[in-house]
>>> print(open('work_36.pdb').read())   # PDB, C-alpha atoms and all ligand atoms
ATOM      1  CA  MET F 901     -67.315 165.911 100.887
ATOM      2  CA  THR F 902     -65.888 164.211  97.811
ATOM      3  CA  GLU F 903     -67.091 160.738  98.697
ATOM      4  CA  ALA F 904     -70.599 159.559  99.417
ATOM      5  CA  ALA F 905     -70.995 159.130 103.148
ATOM      6  CA  THR F 906     -70.744 155.690 104.648
ATOM      7  CA  ALA F 907     -74.159 155.905 106.345
ATOM      8  CA  PRO F 908     -76.450 155.510 103.349
ATOM      9  CA  HIS F 909     -80.216 155.449 103.327
ATOM     10  CA  ASP F 910     -80.386 151.725 103.566
ATOM     11  CA  HIS F 911     -83.837 150.895 104.887
ATOM     12  CA  GLY F 912     -84.289 147.835 102.714
ATOM     13  CA  PRO F 913     -86.080 147.739  99.377
ATOM     14  CA  VAL F 914     -88.059 150.878  98.473
ATOM     15  CA  GLN F 915     -91.082 148.732  97.652
ATOM     16  CA  ALA F 916     -91.414 147.864 101.354
ATOM     17  CA  ARG F 917     -91.447 151.462 102.633
ATOM     18  CA  PRO F 918     -94.595 153.498 103.335
ATOM     19  CA  THR F 919     -95.720 155.938 100.657
ATOM     20  CA  ALA F 920     -94.810 159.572 101.348
ATOM     21  CA  VAL F 921     -96.222 161.070  98.138
ATOM     22  CA  ALA F 922     -99.017 159.490  96.084
ATOM     23  CA  VAL F 923     -99.647 160.957  92.620
ATOM     24  CA  ARG F 924    -102.885 159.611  91.156
ATOM     25  CA  GLY F 925    -104.161 160.236  87.636
ATOM     26  CA  VAL F 926    -102.785 163.761  87.535
ATOM     27  CA  SER F 927    -103.261 165.890  84.443
ATOM     28  CA  LYS F 928    -102.439 169.553  83.943
ATOM     29  CA  THR F 929    -103.664 171.747  81.110
ATOM     30  CA  PHE F 930    -102.711 175.401  80.741
ATOM     31  CA  GLY F 931    -105.115 177.799  79.050
ATOM     32  CA  ASN F 932    -108.217 176.681  77.212
ATOM     33  CA  GLY F 933    -109.765 176.392  73.784
ATOM     34  CA  ALA F 934    -107.455 176.358  70.798
ATOM     35  CA  SER F 935    -104.501 177.656  72.798
ATOM     36  CA  ALA F 936    -104.747 174.985  75.538
ATOM     37  CA  VAL F 937    -101.477 173.156  76.324
ATOM     38  CA  THR F 938    -101.654 169.786  78.049
ATOM     39  CA  ALA F 939     -98.421 169.474  80.016
ATOM     40  CA  LEU F 940     -99.227 166.290  81.973
ATOM     41  CA  ASP F 941    -101.604 163.472  81.100
ATOM     42  CA  ASP F 942    -102.819 160.870  83.631
ATOM     43  CA  VAL F 943     -99.608 160.684  85.667
ATOM     44  CA  SER F 944     -99.482 158.230  88.594
ATOM     45  CA  PHE F 945     -96.641 157.050  90.831
ATOM     46  CA  ASP F 946     -95.680 156.606  94.497
ATOM     47  CA  VAL F 947     -92.710 158.111  96.295
ATOM     48  CA  PRO F 948     -91.598 155.835  99.155
ATOM     49  CA  GLN F 949     -90.743 157.586 102.407
ATOM     50  CA  GLY F 950     -87.072 158.473 102.798
ATOM     51  CA  SER F 951     -86.310 157.493  99.220
ATOM     52  CA  PHE F 952     -84.671 159.321  96.329
ATOM     53  CA  LEU F 953     -86.992 159.499  93.330
ATOM     54  CA  SER F 954     -86.115 161.053  89.982
ATOM     55  CA  VAL F 955     -88.501 162.235  87.305
ATOM     56  CA  LEU F 956     -86.686 161.730  84.009
ATOM     57  CA  GLY F 957     -87.893 163.063  80.682
ATOM     58  CA  PRO F 958     -87.154 165.224  77.659
ATOM     59  CA  SER F 959     -87.403 169.004  77.647
ATOM     60  CA  GLY F 960     -90.983 170.256  77.821
ATOM     61  CA  CYS F 961     -92.530 166.982  79.057
ATOM     62  CA  GLY F 962     -93.925 168.675  82.149
ATOM     63  CA  LYS F 963     -91.302 167.814  84.766
ATOM     64  CA  SER F 964     -91.188 171.306  86.303
ATOM     65  CA  THR F 965     -94.974 171.476  86.179
ATOM     66  CA  LEU F 966     -95.158 168.194  88.088
ATOM     67  CA  MET F 967     -92.775 169.522  90.720
ATOM     68  CA  ARG F 968     -94.831 172.693  91.141
ATOM     69  CA  LEU F 969     -97.976 170.591  91.633
ATOM     70  CA  VAL F 970     -96.293 168.421  94.293
ATOM     71  CA  ALA F 971     -94.941 171.568  95.989
ATOM     72  CA  GLY F 972     -98.444 173.042  96.186
ATOM     73  CA  LEU F 973     -97.484 176.023  94.016
ATOM     74  CA  GLN F 974    -100.129 175.194  91.377
ATOM     75  CA  PRO F 975    -103.274 173.015  91.388
ATOM     76  CA  ALA F 976    -103.657 169.915  89.186
ATOM     77  CA  SER F 977    -106.403 170.075  86.535
ATOM     78  CA  THR F 978    -107.547 166.545  87.390
ATOM     79  CA  GLY F 979    -106.333 163.764  89.679
ATOM     80  CA  THR F 980    -104.979 163.958  93.211
ATOM     81  CA  ILE F 981    -101.650 164.349  94.970
ATOM     82  CA  GLU F 982    -101.302 163.299  98.590
ATOM     83  CA  VAL F 983     -98.229 164.344 100.542
ATOM     84  CA  ALA F 984     -97.703 162.738 103.958
ATOM     85  CA  GLY F 985    -101.448 162.277 104.264
ATOM     86  CA  GLY F 986    -102.335 165.893 103.365
ATOM     87  CA  THR F 987    -102.675 168.076 100.290
ATOM     88  CA  PRO F 988     -99.639 169.720  98.672
ATOM     89  CA  ASP F 989    -100.993 173.133  99.669
ATOM     90  CA  GLU F 990    -101.306 172.112 103.335
ATOM     91  CA  MET F 991     -97.792 170.715 103.293
ATOM     92  CA  ARG F 992     -96.410 173.866 101.661
ATOM     93  CA  ARG F 993     -97.958 175.969 104.422
ATOM     94  CA  ALA F 994     -96.526 173.590 107.026
ATOM     95  CA  ARG F 995     -93.065 174.195 105.451
ATOM     96  CA  GLU F 996     -92.600 170.547 104.587
ATOM     97  CA  PHE F 997     -90.651 171.344 101.391
ATOM     98  CA  GLY F 998     -87.123 172.520 100.749
ATOM     99  CA  ILE F 999     -86.818 173.522  97.091
ATOM    100  CA  VAL F1000     -83.773 173.893  94.843
ATOM    101  CA  PHE F1001     -84.190 175.325  91.337
ATOM    102  CA  GLN F1002     -81.985 175.036  88.256
ATOM    103  CA  GLN F1003     -80.601 178.530  88.731
ATOM    104  CA  PRO F1004     -79.589 179.254  92.312
ATOM    105  CA  VAL F1005     -81.951 181.919  93.619
ATOM    106  CA  LEU F1006     -79.607 183.721  96.021
ATOM    107  CA  PHE F1007     -79.599 187.272  97.326
ATOM    108  CA  ASP F1008     -76.443 189.000  96.146
ATOM    109  CA  TRP F1009     -76.428 191.565  98.962
ATOM    110  CA  ARG F1010     -76.479 188.835 101.613
ATOM    111  CA  THR F1011     -73.444 186.777 102.583
ATOM    112  CA  VAL F1012     -73.399 183.021 102.098
ATOM    113  CA  GLU F1013     -74.304 182.422 105.750
ATOM    114  CA  GLN F1014     -77.091 185.008 105.602
ATOM    115  CA  ASN F1015     -78.531 183.299 102.528
ATOM    116  CA  VAL F1016     -78.398 179.872 104.172
ATOM    117  CA  GLY F1017     -79.982 181.244 107.360
ATOM    118  CA  LEU F1018     -82.799 183.097 105.599
ATOM    119  CA  PRO F1019     -85.530 180.442 106.086
ATOM    120  CA  LEU F1020     -84.731 180.215 109.807
ATOM    121  CA  GLN F1021     -84.872 184.019 110.088
ATOM    122  CA  ILE F1022     -88.256 184.064 108.317
ATOM    123  CA  MET F1023     -89.502 181.315 110.630
ATOM    124  CA  GLY F1024     -88.368 183.348 113.650
ATOM    125  CA  ARG F1025     -86.052 180.681 115.054
ATOM    126  CA  PRO F1026     -83.861 181.800 117.988
ATOM    127  CA  LYS F1027     -80.603 183.355 116.772
ATOM    128  CA  GLY F1028     -78.264 180.946 118.607
ATOM    129  CA  GLU F1029     -80.036 177.881 117.293
ATOM    130  CA  ALA F1030     -80.095 179.345 113.782
ATOM    131  CA  ARG F1031     -76.371 180.133 113.899
ATOM    132  CA  GLU F1032     -75.547 176.553 114.901
ATOM    133  CA  ARG F1033     -77.738 175.093 112.209
ATOM    134  CA  VAL F1034     -76.237 177.355 109.502
ATOM    135  CA  GLU F1035     -72.747 176.413 110.654
ATOM    136  CA  HIS F1036     -73.635 172.722 110.421
ATOM    137  CA  MET F1037     -75.096 173.099 106.933
ATOM    138  CA  LEU F1038     -72.094 175.091 105.671
ATOM    139  CA  GLU F1039     -69.788 172.360 106.937
ATOM    140  CA  LEU F1040     -71.928 169.713 105.264
ATOM    141  CA  VAL F1041     -71.687 171.404 101.856
ATOM    142  CA  GLY F1042     -67.999 172.306 102.340
ATOM    143  CA  LEU F1043     -68.446 176.074 102.383
ATOM    144  CA  SER F1044     -67.453 177.001 105.943
ATOM    145  CA  ASP F1045     -64.507 179.053 104.657
ATOM    146  CA  PHE F1046     -66.808 181.032 102.364
ATOM    147  CA  ARG F1047     -69.435 182.034 104.923
ATOM    148  CA  LYS F1048     -68.651 185.758 104.582
ATOM    149  CA  HIS F1049     -68.499 185.727 100.770
ATOM    150  CA  ARG F1050     -71.277 187.072  98.570
ATOM    151  CA  PRO F1051     -72.923 184.683  96.054
ATOM    152  CA  TRP F1052     -71.384 186.474  93.040
ATOM    153  CA  GLN F1053     -67.914 185.646  94.399
ATOM    154  CA  LEU F1054     -68.625 181.908  94.101
ATOM    155  CA  SER F1055     -68.569 179.447  91.176
ATOM    156  CA  GLY F1056     -71.843 178.013  89.828
ATOM    157  CA  GLY F1057     -71.311 174.726  91.683
ATOM    158  CA  MET F1058     -70.632 176.545  94.966
ATOM    159  CA  GLN F1059     -73.737 178.693  94.497
ATOM    160  CA  GLN F1060     -75.813 175.572  94.029
ATOM    161  CA  ARG F1061     -74.295 174.140  97.223
ATOM    162  CA  VAL F1062     -75.486 177.287  99.027
ATOM    163  CA  SER F1063     -78.982 176.667  97.602
ATOM    164  CA  ILE F1064     -78.951 173.054  98.803
ATOM    165  CA  ALA F1065     -77.750 174.110 102.272
ATOM    166  CA  ARG F1066     -80.512 176.727 102.442
ATOM    167  CA  ALA F1067     -83.187 174.255 101.296
ATOM    168  CA  LEU F1068     -82.153 171.824 104.040
ATOM    169  CA  THR F1069     -81.416 174.340 106.775
ATOM    170  CA  PHE F1070     -84.826 173.921 108.438
ATOM    171  CA  ALA F1071     -84.681 170.106 108.040
ATOM    172  CA  PRO F1072     -87.744 169.752 105.801
ATOM    173  CA  PRO F1073     -89.041 166.181 105.337
ATOM    174  CA  PHE F1074     -89.106 166.736 101.549
ATOM    175  CA  LEU F1075     -86.391 168.061  99.265
ATOM    176  CA  LEU F1076     -87.644 169.020  95.783
ATOM    177  CA  MET F1077     -84.939 169.658  93.192
ATOM    178  CA  ASP F1078     -85.684 170.922  89.679
ATOM    179  CA  GLU F1079     -82.671 170.155  87.456
ATOM    180  CA  PRO F1080     -80.326 171.643  90.059
ATOM    181  CA  PHE F1081     -77.161 170.705  88.163
ATOM    182  CA  GLY F1082     -78.435 171.462  84.661
ATOM    183  CA  ALA F1083     -76.419 174.659  84.307
ATOM    184  CA  LEU F1084     -73.122 173.150  85.478
ATOM    185  CA  ASP F1085     -70.269 171.755  83.374
ATOM    186  CA  MET F1086     -70.019 167.951  83.258
ATOM    187  CA  MET F1087     -67.154 167.573  85.748
ATOM    188  CA  THR F1088     -68.736 169.870  88.323
ATOM    189  CA  ARG F1089     -72.055 168.172  87.740
ATOM    190  CA  GLU F1090     -70.662 164.705  88.471
ATOM    191  CA  ARG F1091     -68.938 165.979  91.616
ATOM    192  CA  MET F1092     -72.165 167.628  92.767
ATOM    193  CA  GLN F1093     -74.064 164.361  92.266
ATOM    194  CA  THR F1094     -71.849 162.431  94.694
ATOM    195  CA  GLU F1095     -71.837 165.403  97.076
ATOM    196  CA  LEU F1096     -75.629 165.458  97.037
ATOM    197  CA  LEU F1097     -75.700 161.752  97.946
ATOM    198  CA  SER F1098     -73.359 162.479 100.821
ATOM    199  CA  ILE F1099     -75.531 165.391 102.040
ATOM    200  CA  TRP F1100     -78.654 163.264 101.734
ATOM    201  CA  ALA F1101     -77.044 160.459 103.741
ATOM    202  CA  SER F1102     -76.410 163.015 106.504
ATOM    203  CA  ASN F1103     -80.109 163.939 106.571
ATOM    204  CA  PRO F1104     -81.739 160.571 107.192
ATOM    205  CA  GLY F1105     -85.410 160.282 106.440
ATOM    206  CA  THR F1106     -85.467 163.089 103.869
ATOM    207  CA  THR F1107     -87.553 162.170 100.839
ATOM    208  CA  VAL F1108     -86.114 163.603  97.619
ATOM    209  CA  ILE F1109     -87.877 164.294  94.326
ATOM    210  CA  PHE F1110     -85.295 165.183  91.717
ATOM    211  CA  ILE F1111     -86.066 166.411  88.191
ATOM    212  CA  THR F1112     -83.579 165.660  85.434
ATOM    213  CA  HIS F1113     -83.212 164.895  81.752
ATOM    214  CA  SER F1114     -79.939 163.008  82.290
ATOM    215  CA  ILE F1115     -80.283 159.215  82.338
ATOM    216  CA  SER F1116     -76.944 158.634  84.088
ATOM    217  CA  GLU F1117     -77.734 161.267  86.741
ATOM    218  CA  ALA F1118     -81.082 159.603  87.476
ATOM    219  CA  VAL F1119     -79.529 156.135  87.707
ATOM    220  CA  LEU F1120     -76.669 157.192  89.972
ATOM    221  CA  LEU F1121     -78.883 159.059  92.430
ATOM    222  CA  SER F1122     -82.190 157.258  92.558
ATOM    223  CA  ASP F1123     -84.020 154.468  94.313
ATOM    224  CA  ARG F1124     -86.856 154.921  91.833
ATOM    225  CA  ILE F1125     -87.062 156.608  88.418
ATOM    226  CA  VAL F1126     -90.287 157.814  86.807
ATOM    227  CA  VAL F1127     -89.540 157.799  83.067
ATOM    228  CA  MET F1128     -91.754 160.298  81.215
ATOM    229  CA  SER F1129     -92.681 160.558  77.531
ATOM    230  CA  ALA F1130     -92.403 163.724  75.453
ATOM    231  CA  ARG F1131     -95.255 166.252  75.852
ATOM    232  CA  PRO F1132     -97.914 165.679  76.939
ATOM    233  CA  GLY F1133     -95.949 164.013  79.736
ATOM    234  CA  ARG F1134     -97.120 160.489  80.477
ATOM    235  CA  VAL F1135     -95.426 157.868  82.607
ATOM    236  CA  LEU F1136     -93.624 155.406  80.326
ATOM    237  CA  LYS F1137     -92.387 153.253  83.179
ATOM    238  CA  VAL F1138     -91.483 153.380  86.861
ATOM    239  CA  ILE F1139     -88.117 151.711  87.403
ATOM    240  CA  ASP F1140     -86.638 150.756  90.784
ATOM    241  CA  VAL F1141     -82.849 150.981  90.894
ATOM    242  CA  ASP F1142     -81.362 148.391  93.228
ATOM    243  CA  LEU F1143     -77.701 149.397  92.949
ATOM    244  CA  PRO F1144     -76.033 149.189  96.370
ATOM    245  CA  ARG F1145     -75.332 152.355  98.381
ATOM    246  CA  PRO F1146     -73.210 154.290  99.011
ATOM    247  CA  ARG F1147     -72.907 155.081  95.317
ATOM    248  CA  THR F1148     -69.661 156.683  94.275
ATOM    249  CA  ASP F1149     -67.815 157.592  91.090
ATOM    250  CA  GLU F1150     -66.878 153.914  90.754
ATOM    251  CA  THR F1151     -70.577 153.025  90.600
ATOM    252  CA  ARG F1152     -70.745 154.707  87.184
ATOM    253  CA  ASP F1153     -68.346 152.108  85.768
ATOM    254  CA  SER F1154     -70.141 149.056  87.174
ATOM    255  CA  LYS F1155     -71.942 146.631  84.875
ATOM    256  CA  GLU F1156     -75.184 147.007  86.863
ATOM    257  CA  PHE F1157     -75.131 150.775  86.379
ATOM    258  CA  VAL F1158     -74.498 150.522  82.628
ATOM    259  CA  ASP F1159     -77.262 147.903  82.307
ATOM    260  CA  VAL F1160     -79.911 150.100  83.970
ATOM    261  CA  GLU F1161     -78.808 153.060  81.823
ATOM    262  CA  ALA F1162     -79.144 150.933  78.673
ATOM    263  CA  GLU F1163     -82.605 149.702  79.710
ATOM    264  CA  ILE F1164     -83.869 153.263  80.127
ATOM    265  CA  ARG F1165     -82.252 154.479  76.923
ATOM    266  CA  GLN F1166     -83.893 151.629  75.013
ATOM    267  CA  LEU F1167     -87.258 152.402  76.578
ATOM    268  CA  ILE F1168     -87.057 156.073  75.556
ATOM    269  CA  PHE F1169     -85.766 155.396  72.039
ATOM    270  CA  SER F1170     -88.386 152.707  71.375
ATOM    271  CA  GLN F1171     -91.060 155.295  72.208
ATOM    272  CA  GLU F1172     -89.495 157.740  69.780
ATOM    273  CA  GLY F1173     -89.566 155.078  67.062
ATOM    274  CA  ARG F1174     -85.770 155.010  66.752
TER
HETATM  275  N1  LIG X   1     -97.750 178.722  83.226
HETATM  276  C1  LIG X   1     -97.807 178.125  82.028
HETATM  277  N2  LIG X   1     -98.664 178.558  81.088
HETATM  278  C2  LIG X   1     -98.752 177.946  79.865
HETATM  279  N3  LIG X   1     -97.996 176.878  79.506
HETATM  280  C3  LIG X   1     -97.120 176.414  80.418
HETATM  281  C4  LIG X   1     -96.986 177.003  81.711
HETATM  282  N4  LIG X   1     -96.030 176.309  82.406
HETATM  283  C5  LIG X   1     -95.614 175.331  81.551
HETATM  284  N5  LIG X   1     -96.266 175.390  80.381
HETATM  285  C6  LIG X   1     -96.099 174.483  79.232
HETATM  286  O1  LIG X   1     -96.192 173.152  79.704
HETATM  287  C7  LIG X   1     -95.232 172.318  79.058
HETATM  288  C8  LIG X   1     -94.357 171.641  80.088
HETATM  289  O2  LIG X   1     -93.485 172.621  80.688
HETATM  290  P1  LIG X   1     -92.463 172.261  81.860
HETATM  291  O3  LIG X   1     -91.643 173.476  82.120
HETATM  292  O4  LIG X   1     -93.192 171.651  82.979
HETATM  293  O5  LIG X   1     -91.572 171.137  81.133
HETATM  294  P2  LIG X   1     -90.143 170.556  81.569
HETATM  295  O6  LIG X   1     -90.201 169.095  81.266
HETATM  296  O7  LIG X   1     -89.811 170.959  82.953
HETATM  297  O8  LIG X   1     -89.176 171.277  80.535
HETATM  298  P3  LIG X   1     -87.596 171.620  80.690
HETATM  299  O9  LIG X   1     -86.891 170.310  80.870
HETATM  300  O10 LIG X   1     -87.287 172.262  79.366
HETATM  301  O11 LIG X   1     -87.475 172.539  81.857
HETATM  302  C9  LIG X   1     -94.472 173.211  78.087
HETATM  303  O12 LIG X   1     -95.039 173.086  76.799
HETATM  304  C10 LIG X   1     -94.709 174.600  78.615
HETATM  305  O13 LIG X   1     -94.677 175.549  77.596
END
>>> encode(input="work_36.pdb", output="structure tokens")
Amino acid sequence: MTEAATAPHDHGPVQARPTAVAVRGVSKTFGNGASAVTALDDVSFDVPQGSFLSVLGPSGCGKSTLMRLVAGLQPASTGTIEVAGGTPDEMRRAREFGIVFQQPVLFDWRTVEQNVGLPLQIMGRPKGEARERVEHMLELVGLSDFRKHRPWQLSGGMQQRVSIARALTFAPPFLLMDEPFGALDMMTRERMQTELLSIWASNPGTTVIFITHSISEAVLLSDRIVVMSARPGRVLKVIDVDLPRPRTDETRDSKEFVDVEAEIRQLIFSQEGR
């Protein structure tokens, strides 16, 4: 669990893969009249199938809003979003999305294994099959020994691992993550990043959309980064990250990694007039 798995998502360059999510000219305004807030303005990008895409931007630029639109939890004001050939709402109903939020949303009265198994229970999956799947997911996130614990007995990082296991327990084609490591200390956060890559490598074909305001986090994890401006969120640039996989802690020290980080930092600062 501490190292990225050796079977990475290596399907060749992301540019050559089919599009799983197409965001086209999407804007989102909340309210109207004088109190209207434009959160997103004319946002377009493609998410290649089976890829890891990050949306990177400052606080309040509309990242969470964008994720809610893709997840079919809110409608766009203008523009379209196509997910696997359907609408976000259709895909939400078809349970195509596993979602992880910044704060783990766990039920304190349920054990770890009961939390992880909740989606399967709701979907009415046979108990034996569900038990096996939960066991597999707990092993994958390194929490097999904690299956009978309650969430409040776990650290923040462990709680987030429970959330990730639960989001993936029904093998959704899409994993949507909204700043899942934002509340963790730096060391735990870095460990969780490589663990996430390892978990992702064990779930081939899963397309990930990951929201973050950390440049280094986006570079380490992603095949593609959508760099957003401050509110109203516009796309500054879409950057493909060609660093080899598996990416590990050593990747952070490589020249290629530092170069991509510097490119993004420059892009953001030049927009801010620094
Ligand atoms: N339901 C809502 N009603 C009114 N305004 C909203 C609503 N949801 C979001 N906003 C506004 O839209 C803007 C973008 O918010 P959003 O949470 O998407 O940004 P964010 O980039 O995810 O921020 P953070 O990184 O701080 O979480 C903010 O100004 C916010 O106040």
>>> residues_around(input="work_36.pdb", residues="segment 1029-1043 of chain F", least_positions_apart="4", cutoff="8 Å", atoms="only C-alpha atoms", output="count of residues only")
17
>>> atom_distance(input="work_36.pdb", atom1="atom CA of Ser935 of chain F", atom2="atom CA of Ala971 of chain F")
25.8 Å
>>> residues_near_ligand(input="work_36.pdb", ligand="ligand LIG 1 (chain X)", cutoff="8 Å", atoms="only C-alpha atoms and all ligand atoms", output="list in words")
Thr929, Phe930, Gly931, Ala936, Val937, Thr938, Ala939, Leu940, Gly957, Pro958, Ser959, Gly960, Cys961, Gly962, Lys963, Ser964, Thr965, Leu966, Asp1078, Glu1079, Ile1111, Thr1112, His1113, Arg1131, Pro1132 and Gly1133 of chain F
>>> write_last_selection(input="work_36.pdb", atoms="C-alpha atoms", output="PDB file, in the coordinates of the input")
ATOM      1  CA  THR F 929    -103.664 171.747  81.110  1.00  0.00           C
ATOM      2  CA  PHE F 930    -102.711 175.401  80.741  1.00  0.00           C
ATOM      3  CA  GLY F 931    -105.115 177.799  79.050  1.00  0.00           C
ATOM      4  CA  ALA F 936    -104.747 174.985  75.538  1.00  0.00           C
ATOM      5  CA  VAL F 937    -101.477 173.156  76.324  1.00  0.00           C
ATOM      6  CA  THR F 938    -101.654 169.786  78.049  1.00  0.00           C
ATOM      7  CA  ALA F 939     -98.421 169.474  80.016  1.00  0.00           C
ATOM      8  CA  LEU F 940     -99.227 166.290  81.973  1.00  0.00           C
ATOM      9  CA  GLY F 957     -87.893 163.063  80.682  1.00  0.00           C
ATOM     10  CA  PRO F 958     -87.154 165.224  77.659  1.00  0.00           C
ATOM     11  CA  SER F 959     -87.403 169.004  77.647  1.00  0.00           C
ATOM     12  CA  GLY F 960     -90.983 170.256  77.821  1.00  0.00           C
ATOM     13  CA  CYS F 961     -92.530 166.982  79.057  1.00  0.00           C
ATOM     14  CA  GLY F 962     -93.925 168.675  82.149  1.00  0.00           C
ATOM     15  CA  LYS F 963     -91.302 167.814  84.766  1.00  0.00           C
ATOM     16  CA  SER F 964     -91.188 171.306  86.303  1.00  0.00           C
ATOM     17  CA  THR F 965     -94.974 171.476  86.179  1.00  0.00           C
ATOM     18  CA  LEU F 966     -95.158 168.194  88.088  1.00  0.00           C
ATOM     19  CA  ASP F1078     -85.684 170.922  89.679  1.00  0.00           C
ATOM     20  CA  GLU F1079     -82.671 170.155  87.456  1.00  0.00           C
ATOM     21  CA  ILE F1111     -86.066 166.411  88.191  1.00  0.00           C
ATOM     22  CA  THR F1112     -83.579 165.660  85.434  1.00  0.00           C
ATOM     23  CA  HIS F1113     -83.212 164.895  81.752  1.00  0.00           C
ATOM     24  CA  ARG F1131     -95.255 166.252  75.852  1.00  0.00           C
ATOM     25  CA  PRO F1132     -97.914 165.679  76.939  1.00  0.00           C
ATOM     26  CA  GLY F1133     -95.949 164.013  79.736  1.00  0.00           C
TER      27      GLY F1133
END
>>> residues_near_point(input="work_36.pdb", point="(-74.8, 164.0, 85.4)", cutoff="12 Å", atoms="all atoms listed in the file", output="NGL selection string")
:F and (1079-1094 or 1096 or 1111-1121 or 1149 or 1152)
>>> residues_near_point(input="work_36.pdb", point="(-89.1, 153.4, 79.4)", cutoff="7 Å", atoms="only C-alpha atoms", output="ChimeraX atom specification")
/F:1127,1136-1137,1164,1167-1168
>>> residues_around(input="work_36.pdb", residues="Arg1124 of chain F", least_positions_apart="2", cutoff="8 Å", atoms="only C-alpha atoms", output="compact mmCIF listing (two decimals) with C-alpha atoms, in the frame of the given file")
# COMPACT_ATOMS: atom_id res chain seq x y z
CA VAL F 914 -88.06 150.88 98.47
CA SER F 951 -86.31 157.49 99.22
CA PHE F 952 -84.67 159.32 96.33
CA LEU F 953 -86.99 159.50 93.33
CA SER F 954 -86.12 161.05 89.98
CA SER F 1122 -82.19 157.26 92.56
CA VAL F 1126 -90.29 157.81 86.81
CA VAL F 1138 -91.48 153.38 86.86
CA ILE F 1139 -88.12 151.71 87.40
CA ASP F 1140 -86.64 150.76 90.78
CA VAL F 1141 -82.85 150.98 90.89
